[in-house]
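Enquirer: Following this line is structure24.cif, made up of mmCIF, C-alpha atoms and all ligand atoms:
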```cif
data_protein
#
loop_
_atom_site.label_atom_id
_atom_site.label_comp_id
_atom_site.auth_asym_id
_atom_site.auth_seq_id
_atom_site.Cartn_x
_atom_site.Cartn_y
_atom_site.Cartn_z
CA MET A 1 212.26 42.09 139.48
CA ALA A 2 211.57 39.05 141.54
CA SER A 3 209.54 35.93 141.86
CA ILE A 4 207.74 35.48 145.18
CA VAL A 5 206.81 32.09 146.59
CA PHE A 6 204.70 31.21 149.63
CA GLU A 7 204.97 27.60 150.76
CA ASN A 8 202.27 26.42 153.19
CA VAL A 9 202.27 29.74 155.01
CA THR A 10 200.04 30.04 158.07
CA LYS A 11 199.51 33.06 160.31
CA ALA A 12 197.09 33.30 163.22
CA PHE A 13 196.19 36.22 165.46
CA GLY A 14 194.86 34.64 168.64
CA ASP A 15 191.98 32.41 167.54
CA THR A 16 191.76 33.98 164.08
CA LEU A 17 193.47 32.06 161.31
CA ALA A 18 194.22 35.07 159.09
CA VAL A 19 196.27 33.09 156.56
CA ASP A 20 195.59 29.37 156.37
CA ASN A 21 198.21 27.13 154.75
CA VAL A 22 198.62 29.34 151.70
CA SER A 23 200.89 28.43 148.78
CA PHE A 24 201.42 30.29 145.51
CA GLU A 25 204.13 31.37 143.11
CA ILE A 26 204.18 34.89 141.71
CA LYS A 27 206.36 35.08 138.63
CA ASP A 28 208.96 37.70 137.87
CA ASN A 29 207.38 40.79 136.27
CA GLU A 30 203.88 39.55 136.87
CA PHE A 31 200.88 41.74 137.76
CA PHE A 32 199.42 39.45 140.40
CA CYS A 33 196.17 40.20 142.25
CA PHE A 34 194.79 38.94 145.50
CA PHE A 35 191.06 39.23 145.44
CA GLY A 36 188.64 38.40 148.21
CA PRO A 37 185.98 39.85 150.51
CA PRO A 38 186.80 41.88 153.64
CA LEU A 39 188.85 40.01 156.26
CA SER A 40 189.82 37.22 153.87
CA GLY A 41 193.53 37.72 154.64
CA LYS A 42 194.69 40.01 151.83
CA THR A 43 196.52 42.58 153.94
CA THR A 44 198.06 39.87 156.12
CA ILE A 45 199.51 38.15 153.04
CA LEU A 46 201.10 41.43 151.91
CA ARG A 47 202.50 42.13 155.37
CA LEU A 48 204.03 38.65 155.47
CA MET A 49 205.50 39.22 152.01
CA LEU A 50 206.91 42.59 152.99
CA GLY A 51 208.42 41.18 156.19
CA LEU A 52 206.33 43.21 158.66
CA ASP A 53 204.89 40.00 160.12
CA SER A 54 206.44 36.57 160.24
CA PRO A 55 204.52 33.37 159.60
CA ASP A 56 203.72 30.83 162.33
CA SER A 57 204.70 28.12 159.89
CA GLY A 58 205.66 27.75 156.24
CA ASP A 59 208.28 29.55 154.18
CA ILE A 60 208.61 32.57 151.92
CA TYR A 61 211.06 32.79 149.01
CA ILE A 62 212.11 35.78 146.93
CA ASP A 63 213.89 34.86 143.73
CA GLY A 64 214.45 31.37 145.04
CA GLN A 65 216.06 32.58 148.25
CA LYS A 66 214.43 31.78 151.56
CA VAL A 67 213.57 35.06 153.33
CA THR A 68 211.20 33.77 156.01
CA GLN A 69 213.43 35.02 158.82
CA LEU A 70 214.48 38.30 157.16
CA GLY A 71 212.98 41.64 158.13
CA ALA A 72 211.43 44.21 155.81
CA ALA A 73 214.66 46.19 155.34
CA GLU A 74 216.42 43.13 153.96
CA ARG A 75 213.67 42.21 151.53
CA ASN A 76 213.55 45.55 149.72
CA MET A 77 209.96 45.67 148.61
CA ALA A 78 207.95 48.88 148.24
CA MET A 79 204.47 48.91 149.70
CA VAL A 80 201.53 51.22 149.13
CA PHE A 81 199.42 50.74 152.24
CA GLN A 82 195.66 50.44 152.30
CA ASN A 83 195.28 53.80 154.05
CA LEU A 84 198.08 55.42 151.96
CA ALA A 85 199.73 56.83 155.11
CA LEU A 86 201.21 60.01 153.63
CA PHE A 87 202.92 62.33 156.09
CA PRO A 88 200.39 65.14 156.61
CA HIS A 89 202.95 67.82 157.49
CA MET A 90 205.03 67.28 154.35
CA THR A 91 204.32 68.40 150.80
CA ALA A 92 203.66 65.79 148.13
CA LEU A 93 207.22 66.31 146.93
CA ASP A 94 208.75 65.65 150.34
CA ASN A 95 206.54 62.62 150.78
CA ILE A 96 207.85 61.18 147.54
CA ARG A 97 211.46 62.06 148.35
CA PHE A 98 211.26 60.61 151.83
CA PRO A 99 212.32 56.99 151.20
CA LEU A 100 215.33 58.21 149.19
CA VAL A 101 216.40 60.84 151.69
CA GLU A 102 216.11 58.23 154.41
CA ARG A 103 218.51 56.02 152.48
CA ARG A 104 220.94 58.92 151.97
CA ILE A 105 220.73 58.74 148.19
CA PRO A 106 222.69 61.61 146.55
CA GLU A 107 220.56 64.67 145.71
CA PRO A 108 220.93 64.57 141.89
CA GLN A 109 219.71 60.98 141.89
CA ILE A 110 216.76 61.86 144.11
CA ARG A 111 215.78 64.67 141.73
CA ALA A 112 215.96 62.42 138.71
CA LYS A 113 213.90 59.68 140.36
CA VAL A 114 211.22 62.09 141.58
CA GLU A 115 211.07 63.74 138.17
CA GLU A 116 210.59 60.40 136.47
CA ALA A 117 207.92 59.11 138.89
CA SER A 118 205.91 62.34 138.97
CA ASP A 119 206.04 62.46 135.20
CA LYS A 120 204.66 58.92 134.90
CA LEU A 121 201.86 59.69 137.33
CA HIS A 122 201.04 63.18 136.01
CA ILE A 123 201.42 64.89 139.37
CA LYS A 124 204.11 67.50 138.69
CA HIS A 125 201.65 70.35 139.15
CA ILE A 126 200.66 69.29 142.67
CA LEU A 127 204.05 68.49 144.17
CA HIS A 128 204.09 71.65 146.31
CA LYS A 129 200.83 70.82 148.11
CA PRO A 130 200.40 68.99 151.42
CA PRO A 131 198.12 65.90 151.40
CA ALA A 132 195.23 67.83 152.98
CA GLN A 133 194.98 69.98 149.85
CA LEU A 134 194.92 67.03 147.46
CA SER A 135 191.94 65.06 146.20
CA GLY A 136 191.68 61.35 146.99
CA GLY A 137 192.97 60.51 143.53
CA GLU A 138 195.93 62.84 143.81
CA ARG A 139 196.87 61.48 147.22
CA GLN A 140 196.76 58.00 145.82
CA ARG A 141 199.08 58.96 142.96
CA VAL A 142 201.52 60.55 145.38
CA ALA A 143 201.54 57.36 147.44
CA ILE A 144 202.23 55.31 144.33
CA ALA A 145 204.97 57.72 143.26
CA ARG A 146 206.59 57.33 146.67
CA ALA A 147 206.73 53.57 146.04
CA LEU A 148 207.97 54.03 142.46
CA VAL A 149 211.04 56.12 143.32
CA ARG A 150 212.49 53.27 145.30
CA ASP A 151 214.32 50.59 143.44
CA PRO A 152 212.57 47.64 145.01
CA VAL A 153 212.47 44.03 143.89
CA ALA A 154 208.67 44.20 143.82
CA TYR A 155 205.80 46.59 144.47
CA LEU A 156 203.06 45.61 146.87
CA MET A 157 199.85 47.61 146.77
CA ASP A 158 197.05 47.11 149.26
CA ASP A 159 193.75 48.16 147.73
CA PRO A 160 195.36 51.50 146.83
CA ILE A 161 192.51 53.01 144.88
CA SER A 162 189.46 51.81 146.79
CA ALA A 163 188.74 55.31 148.08
CA LEU A 164 188.38 56.83 144.62
CA ASP A 165 185.14 57.33 142.75
CA ALA A 166 184.29 54.86 140.00
CA ARG A 167 185.50 56.89 137.05
CA LEU A 168 188.84 57.75 138.61
CA ARG A 169 189.30 54.14 139.65
CA GLU A 170 188.87 53.03 136.07
CA GLU A 171 191.36 55.61 134.82
CA THR A 172 193.89 54.81 137.50
CA ARG A 173 193.82 51.08 137.04
CA VAL A 174 194.53 51.48 133.33
CA GLU A 175 197.43 53.74 134.22
CA LEU A 176 198.79 51.34 136.82
CA LYS A 177 198.74 48.56 134.27
CA ARG A 178 200.63 50.78 131.83
CA ILE A 179 203.20 51.80 134.44
CA GLN A 180 203.76 48.20 135.48
CA ARG A 181 204.38 47.17 131.88
CA GLU A 182 206.72 50.09 131.41
CA ILE A 183 208.84 49.48 134.48
CA GLY A 184 208.56 45.72 134.15
CA HIS A 185 208.52 44.95 137.86
CA THR A 186 206.59 42.38 139.81
CA LEU A 187 203.46 44.05 141.14
CA VAL A 188 201.38 42.38 143.82
CA TYR A 189 198.03 44.05 144.04
CA VAL A 190 195.24 43.60 146.53
CA THR A 191 191.69 44.55 145.72
CA HIS A 192 188.18 43.75 146.87
CA ASP A 193 186.76 44.92 143.53
CA GLN A 194 186.25 42.05 141.10
CA GLU A 195 186.16 44.23 138.02
CA GLU A 196 189.45 45.84 139.02
CA ALA A 197 191.08 42.47 139.62
CA MET A 198 189.83 41.08 136.31
CA SER A 199 190.98 44.12 134.37
CA VAL A 200 194.55 44.45 135.67
CA ALA A 201 195.72 40.99 136.72
CA ASP A 202 197.93 38.74 134.65
CA ARG A 203 196.96 36.11 137.18
CA MET A 204 195.01 36.27 140.40
CA ALA A 205 194.39 34.34 143.59
CA ILE A 206 190.89 34.16 145.04
CA LEU A 207 190.81 34.19 148.84
CA LYS A 208 188.23 33.06 151.35
CA ASP A 209 188.72 33.03 155.11
CA GLY A 210 192.49 33.06 154.79
CA HIS A 211 192.88 30.34 152.22
CA VAL A 212 193.36 30.32 148.50
CA GLU A 213 190.35 28.98 146.61
CA GLN A 214 191.80 29.24 143.11
CA ILE A 215 194.73 30.71 141.19
CA GLY A 216 194.70 31.44 137.47
CA THR A 217 194.25 34.08 134.81
CA PRO A 218 191.05 36.10 135.25
CA ILE A 219 189.46 34.44 132.25
CA GLU A 220 190.40 30.93 133.38
CA ILE A 221 188.80 31.59 136.74
CA TYR A 222 185.72 33.24 135.23
CA ASP A 223 185.13 30.43 132.74
CA GLN A 224 186.20 27.54 134.94
CA PRO A 225 185.63 28.49 138.57
CA ALA A 226 186.78 25.80 141.01
CA ASN A 227 183.58 26.07 143.04
CA SER A 228 180.38 28.06 143.32
CA TYR A 229 181.93 30.54 145.80
CA VAL A 230 184.50 31.59 143.21
CA ALA A 231 181.85 31.55 140.47
CA ALA A 232 179.69 33.96 142.48
CA LEU A 233 182.58 36.25 143.38
CA LEU A 234 183.42 37.11 139.75
CA GLY A 235 180.97 38.69 137.36
CA ALA A 236 178.27 41.33 137.71
CA PRO A 237 175.39 40.70 137.87
CA ARG A 238 176.48 37.58 139.65
CA ILE A 239 176.09 34.08 138.33
CA ASN A 240 172.68 32.40 138.64
CA LEU A 241 172.73 29.22 140.69
CA PHE A 242 169.83 26.80 140.21
CA ASN A 243 169.24 23.87 142.55
CA VAL A 244 168.82 20.65 140.63
CA GLU A 245 165.75 18.47 141.15
CA GLU A 246 165.70 14.84 140.14
CA HIS A 247 162.41 13.23 139.03
CA GLY A 248 163.21 9.61 138.28
CA LYS A 249 165.10 9.78 135.05
CA THR A 250 164.46 13.41 134.25
CA TRP A 251 165.93 16.50 135.79
CA THR A 252 164.82 20.06 136.30
CA ALA A 253 166.48 22.97 138.04
CA GLY A 254 165.36 26.14 139.81
CA ASP A 255 161.99 24.74 140.93
CA GLY A 256 161.25 23.50 137.44
CA LEU A 257 162.29 26.67 135.63
CA LEU A 258 164.96 24.85 133.67
CA ASP A 259 163.85 21.67 132.00
CA LEU A 260 167.01 19.63 131.67
CA GLN A 261 165.53 16.63 129.84
CA SER A 262 167.75 17.02 126.86
CA GLU A 263 170.82 18.17 128.76
CA ASN A 264 173.82 16.11 129.67
CA VAL A 265 173.87 16.72 133.39
CA PRO A 266 176.89 15.01 135.00
CA LEU A 267 176.22 12.56 137.79
CA GLY A 268 176.35 14.13 141.24
CA THR A 269 175.26 17.60 140.07
CA LYS A 270 173.47 19.50 142.83
CA ARG A 271 173.52 22.99 141.38
CA ILE A 272 173.75 24.50 137.93
CA GLY A 273 175.43 27.81 137.25
CA LEU A 274 174.50 30.07 134.36
CA ARG A 275 176.06 33.50 134.02
CA PRO A 276 173.56 36.27 133.24
CA GLU A 277 174.99 36.67 129.74
CA ASN A 278 174.24 32.98 129.09
CA LEU A 279 170.71 32.94 130.43
CA LYS A 280 168.17 33.63 127.69
CA ILE A 281 164.63 34.90 127.96
CA ARG A 282 162.25 33.13 125.62
CA ASP A 283 158.68 33.40 124.56
CA ARG A 284 156.23 31.12 126.38
CA SER A 285 154.60 30.17 123.10
CA ASP A 286 157.56 27.88 122.37
CA LYS A 287 156.77 24.30 123.28
CA ASP A 288 158.58 21.87 125.62
CA LEU A 289 159.81 24.54 127.98
CA GLY A 290 160.03 24.46 131.78
CA GLU A 291 157.68 26.07 134.23
CA PRO A 292 156.73 29.66 133.45
CA ALA A 293 158.79 32.46 134.88
CA GLN A 294 157.72 36.03 135.23
CA VAL A 295 159.68 39.19 134.58
CA VAL A 296 160.03 41.01 137.90
CA SER A 297 162.27 43.88 136.84
CA VAL A 298 163.88 45.39 133.77
CA GLU A 299 167.03 47.52 134.06
CA PRO A 300 168.01 49.17 130.78
CA LEU A 301 171.70 50.07 131.07
CA GLY A 302 172.29 51.31 127.55
CA GLY A 303 174.44 48.71 125.85
CA PHE A 304 172.61 45.91 127.60
CA THR A 305 169.55 45.27 129.72
CA VAL A 306 169.34 43.24 132.92
CA VAL A 307 166.07 41.34 133.10
CA SER A 308 165.23 39.69 136.42
CA VAL A 309 162.83 36.78 136.44
CA ALA A 310 161.31 34.58 139.12
CA ARG A 311 158.96 31.63 139.17
CA LYS A 312 155.45 32.95 139.05
CA ASP A 313 154.46 31.51 142.41
CA ASN A 314 157.83 32.04 144.09
CA ALA A 315 159.26 35.49 143.83
CA ASN A 316 161.87 34.74 146.52
CA GLU A 317 164.46 33.41 144.17
CA VAL A 318 165.32 35.83 141.39
CA PHE A 319 167.48 34.99 138.36
CA ARG A 320 169.12 37.53 136.10
CA ALA A 321 169.64 37.60 132.36
CA MET A 322 171.83 40.15 130.64
CA LEU A 323 170.46 40.88 127.20
CA ARG A 324 172.20 42.87 124.52
CA GLY A 325 170.78 46.27 123.60
CA GLN A 326 167.34 47.44 124.68
CA PRO A 327 164.84 44.66 124.12
CA GLN A 328 161.18 45.59 124.62
CA ILE A 329 160.03 43.52 127.55
CA ASP A 330 157.60 44.43 130.31
CA VAL A 331 157.49 43.61 133.98
CA GLY A 332 154.88 40.91 134.52
CA THR A 333 155.43 39.19 131.18
CA GLU A 334 155.38 35.41 131.36
CA VAL A 335 158.51 34.00 129.85
CA ALA A 336 160.55 30.82 129.67
CA LEU A 337 164.26 30.48 130.27
CA GLY A 338 166.74 29.34 127.69
CA TRP A 339 170.47 28.77 127.73
CA ASP A 340 173.42 27.71 125.72
CA PRO A 341 174.24 24.20 127.01
CA SER A 342 177.97 24.73 126.55
CA SER A 343 177.88 27.63 129.02
CA MET A 344 176.41 25.59 131.89
CA LEU A 345 178.53 25.04 134.99
CA PHE A 346 177.87 22.08 137.27
CA PHE A 347 178.51 21.92 141.01
CA ASP A 348 178.44 18.91 143.31
CA GLU A 349 177.24 18.38 146.86
CA GLY A 350 180.25 20.27 148.27
CA ASP A 351 179.75 23.09 145.72
CA ARG A 352 182.88 22.04 143.82
CA ALA A 353 182.82 22.34 140.05
CA ILE A 354 182.33 19.11 138.15
CA SER A 355 184.42 19.19 135.01
CA ILE A 356 182.95 17.70 131.87
N1 LIG B 401 197.03 42.57 163.92
C1 LIG B 401 195.95 41.81 164.00
N2 LIG B 401 195.45 41.40 165.17
C2 LIG B 401 194.37 40.60 165.25
N3 LIG B 401 193.69 40.15 164.19
C3 LIG B 401 194.11 40.51 162.98
C4 LIG B 401 195.26 41.36 162.80
N4 LIG B 401 195.45 41.55 161.48
C5 LIG B 401 194.48 40.86 160.85
N5 LIG B 401 193.69 40.23 161.75
C6 LIG B 401 192.53 39.36 161.41
O1 LIG B 401 192.92 38.49 160.38
C7 LIG B 401 191.90 38.34 159.41
C8 LIG B 401 192.40 38.79 158.06
O2 LIG B 401 192.58 40.20 158.09
P1 LIG B 401 193.18 41.03 156.88
O3 LIG B 401 193.36 42.41 157.37
O4 LIG B 401 194.36 40.33 156.33
O5 LIG B 401 191.98 40.94 155.82
P2 LIG B 401 191.77 41.77 154.46
O6 LIG B 401 191.39 40.75 153.45
O7 LIG B 401 192.93 42.64 154.19
O8 LIG B 401 190.48 42.64 154.82
P3 LIG B 401 190.00 44.09 154.21
O9 LIG B 401 189.40 43.80 152.87
O10 LIG B 401 188.98 44.51 155.21
O11 LIG B 401 191.20 44.98 154.16
C9 LIG B 401 190.72 39.14 159.93
O12 LIG B 401 189.85 38.28 160.60
C10 LIG B 401 191.36 40.14 160.87
O13 LIG B 401 190.46 40.53 161.86
MG MG B 402 193.11 44.72 154.08
#
```
Would you encode the structure as structure tokens?

Expert:
Amino acid sequence: MASIVFENVTKAFGDTLAVDNVSFEIKDNEFFCFFGPPLSGKTTILRLMLGLDSPDSGDIYIDGQKVTQLGAAERNMAMVFQNLALFPHMTALDNIRFPLVERRIPEPQIRAKVEEASDKLHIKHILHKPPAQLSGGERQRVAIARALVRDPVAYLMDDPISALDARLREETRVELKRIQREIGHTLVYVTHDQEEAMSVADRMAILKDGHVEQIGTPIEIYDQPANSYVAALLGAPRINLFNVEEHGKTWTAGDGLLDLQSENVPLGTKRIGLRPENLKIRDRSDKDLGEPAQVVSVEPLGGFTVVSVARKDNANEVFRAMLRGQPQIDVGTEVALGWDPSSMLFFDEGDRAISI
């Protein structure tokens, strides 16, 4: 139960600026995600929060109290590490008990805590096994249970379920969300999986090369990305980015594929973003459309179909439309592109979003 604030925190390892002047405020009881590609500084931020590393500059506050100089023991946060780090020679039960035994908590209390955590995580039946006899998913639950039995001010989890297969990941993230609501603690969660971040986070921070690109709710960031990097990081298939071409007073984009004559394109627009669900495939027989595009692949995925198109004479740049259901459309068909103007995103020279 704690708010966590970073104020202009910087941490370098030699020449590598792992965390670059990062500021954010995580609210009490919030499920807060850090999301970014490999080596973007996620683990380093958690280690700084936990007190395993100290910043080169900047300050860290827990519940309004400056903790920059305090060590991990004094901050009382529970961490699930990226590699889980269970003790191989101990059973699951002893692994979970370990942080309590270490703190000399009385036995009846330990039992009650372990009972409660293993109940929440549905792992009672595997408590007698050592980690080597557990599946990846079970090991991950044990690691989370070991964090849960503590009475920390916040839980920090570093990509805890990345090793699981897709189905188990989906199940586990729903469960984690439920557990966090139930226990009502601040949970700081690191992931490199955009779908996972979007599905669990109350709010999230998008990282790139050690700095924060944007902070907001998943939907805010999806709908109003601060720049094209953030826009491309969220959403699958990823957003289509069309370079804008100016011809005197008229505009096109994507080598003429989008005819923007009747669009209100803000001054300074260099690229246009259209998410696949907002890109439409239209019949060429319609008039006043842009240059023809050609269907280069059709992926029927059941509930929707991903149709990839490219300019007929330039198959290098492929754009994707996500259509509902299973439309009948063949590879090679000549089509035109359509869109809902209100769904267009505009980016300037520096790839920053232009708000309209
Ligand atoms: N102890 C260290 N010594 C030297 N460089 C480090 C150390 N820890 C992190 N770095 C560097 O800092 C940068 C950020 O690393 P970090 O581990 O925080 O990234 P990450 O986002 O957690 O990556 P991943 O998704 O691969 O876990 C990287 O360039 C990394 O090589
Ligand atoms: Mg990491």

Enquirer: Which residues sit within 9 Å of ligand MG 402 (chain B), counting all atoms listed in the file, listed as a list in words?

Expert: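 Checked against 9 Å with all atoms listed in the file; the hits are Pro38, Leu39, Ser40, Gly41, Lys42, Thr43, Thr44, Leu46, Phe81, Gln82, Asp158, Asp159, Val190, Thr191 and His192 of chain A.
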
Enquirer: When you count all atoms listed in the file, which of these residues is closest to ligand LIG 401 (chain B): A:Asp209, A:Asp94, A:Asp313, A:Asp202?

Expert: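 For ligand LIG 401 (chain B), the nearest of the given residues is A:Asp209.
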
Enquirer: Distance CA of Glu334 in chain A-CA of Phe242 in chain A, one decimal place?

Expert: 19.0 Å

Enquirer: Hey, what's within 12 Å of Ala166 in chain A if we count all atoms listed in the file and toss same-chain stuff fewer than 6 positions away? As a PDB file with C-alpha atoms, keeping the file's coordinate frame, please?

Expert:
```pdb
ATOM      1  CA  GLY A 137     192.970  60.510 143.530  1.00  0.00           C
ATOM      2  CA  THR A 172     193.890  54.810 137.500  1.00  0.00           C
ATOM      3  CA  ARG A 173     193.820  51.080 137.040  1.00  0.00           C
ATOM      4  CA  ASP A 193     186.760  44.920 143.530  1.00  0.00           C
ATOM      5  CA  GLU A 195     186.160  44.230 138.020  1.00  0.00           C
ATOM      6  CA  GLU A 196     189.450  45.840 139.020  1.00  0.00           C
TER       7      GLU A 196
END
```

Enquirer: Which of these, A:Leu241, A:Ile60, A:Met49, A:Val331, has the shortest distance to ligand LIG 401 (chain B) once you count only C-alpha atoms and all ligand atoms?

Expert: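 Of A:Leu241, A:Ile60, A:Met49, A:Val331, the one nearest ligand LIG 401 (chain B), counting only C-alpha atoms and all ligand atoms, is A:Met49.
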
Enquirer: Kindly indicate which residue among A:Lys66, A:Lys280, A:Arg320, A:Arg97 lies nearest to Val298 in chain A, using only C-alpha atoms for the distances.

Expert: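 The shortest atom-to-atom distance to Val298 in chain A comes from A:Arg320.
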
Enquirer: Find the residues around range 340-342 of chain A up to 10 Å (all atoms listed in the file counted), leave out those fewer than 4 positions away in its own chain, and share them as a list in words.

Expert: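 Final neighbour list, sorted by chain and number: Leu260, Ser262, Glu263, Asn264, Val265, Leu274, Glu277, Asn278, Leu279 and Lys280 of chain A.
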
Enquirer: What is the distance, in Å and to one decimal place, between CA of Val22 in chain A and CA of Lys177 in chain A?

Expert: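 So the answer is 25.9 Å.
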
Enquirer: Restricting the calculation to all atoms listed in the file, which member of A:His247, A:Arg47, A:Arg284, A:Arg311 is positioned closest to Lys11 in chain A?

Expert: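 That would be A:Arg47, the residue with the smallest distance to Lys11 in chain A.
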
Enquirer: Using only C-alpha atoms, determine which residues lie at most 6 Å from Tyr61 in chain A, disregarding the query and same-chain residues fewer than 6 positions distant; provide the list as JSON, numbers by chain.

Expert: {"A": [4, 5, 67]}

Enquirer: Which residue out of A:Leu176, A:Leu323, A:Leu134, A:Ile206 has the minimum interatomic distance to ligand LIG 401 (chain B) when only C-alpha atoms and all ligand atoms are used?

Expert: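 Ranking A:Leu176, A:Leu323, A:Leu134, A:Ile206 by distance to ligand LIG 401 (chain B), first place goes to A:Ile206.
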
Enquirer: How far is it from CA of Leu50 in chain A to atom N3 of ligand LIG 401 (chain B), in Å with one decimal?

Expert: 17.5 Å

Enquirer: Which residues come within 6 Å of range 214-216 of chain A, counting all atoms listed in the file, excluding same-chain residues fewer than 3 positions away, as a list in words?

Expert: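 My reading of the contact set: Arg203, Met204, Ala205, Ile206, Glu220 and Ile221 of chain A.
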
Enquirer: Given all atoms listed in the file as the basis, pick out the residue of A:Arg271, A:Val318, A:Asn21, A:Pro276 nearest to Ala353 in chain A.

Expert: A:Arg271

Enquirer: Hey, what's within 9 Å of Arg275 in chain A if we count all atoms listed in the file and toss same-chain stuff fewer than 6 positions away? As a list in words, please?

Expert: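 Listed by chain and then number, they are Ala231, Gly235, Ala236, Pro237, Arg238, Ile239, Asn240, Leu241, Arg320, Ala321, Met322, Ser343, Met344 and Leu345 of chain A.
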
Enquirer: Please put the answer as JSON: centre and edge lengths, in Å with one decimal, of a box along x, y and z that encloses all listed atoms of range 19-31 of chain A plus 8 Å on each side.

Expert:
```
{"center_x": 202.3, "center_y": 34.4, "center_z": 146.4, "size_x": 29.4, "size_y": 30.6, "size_z": 36.3}
```
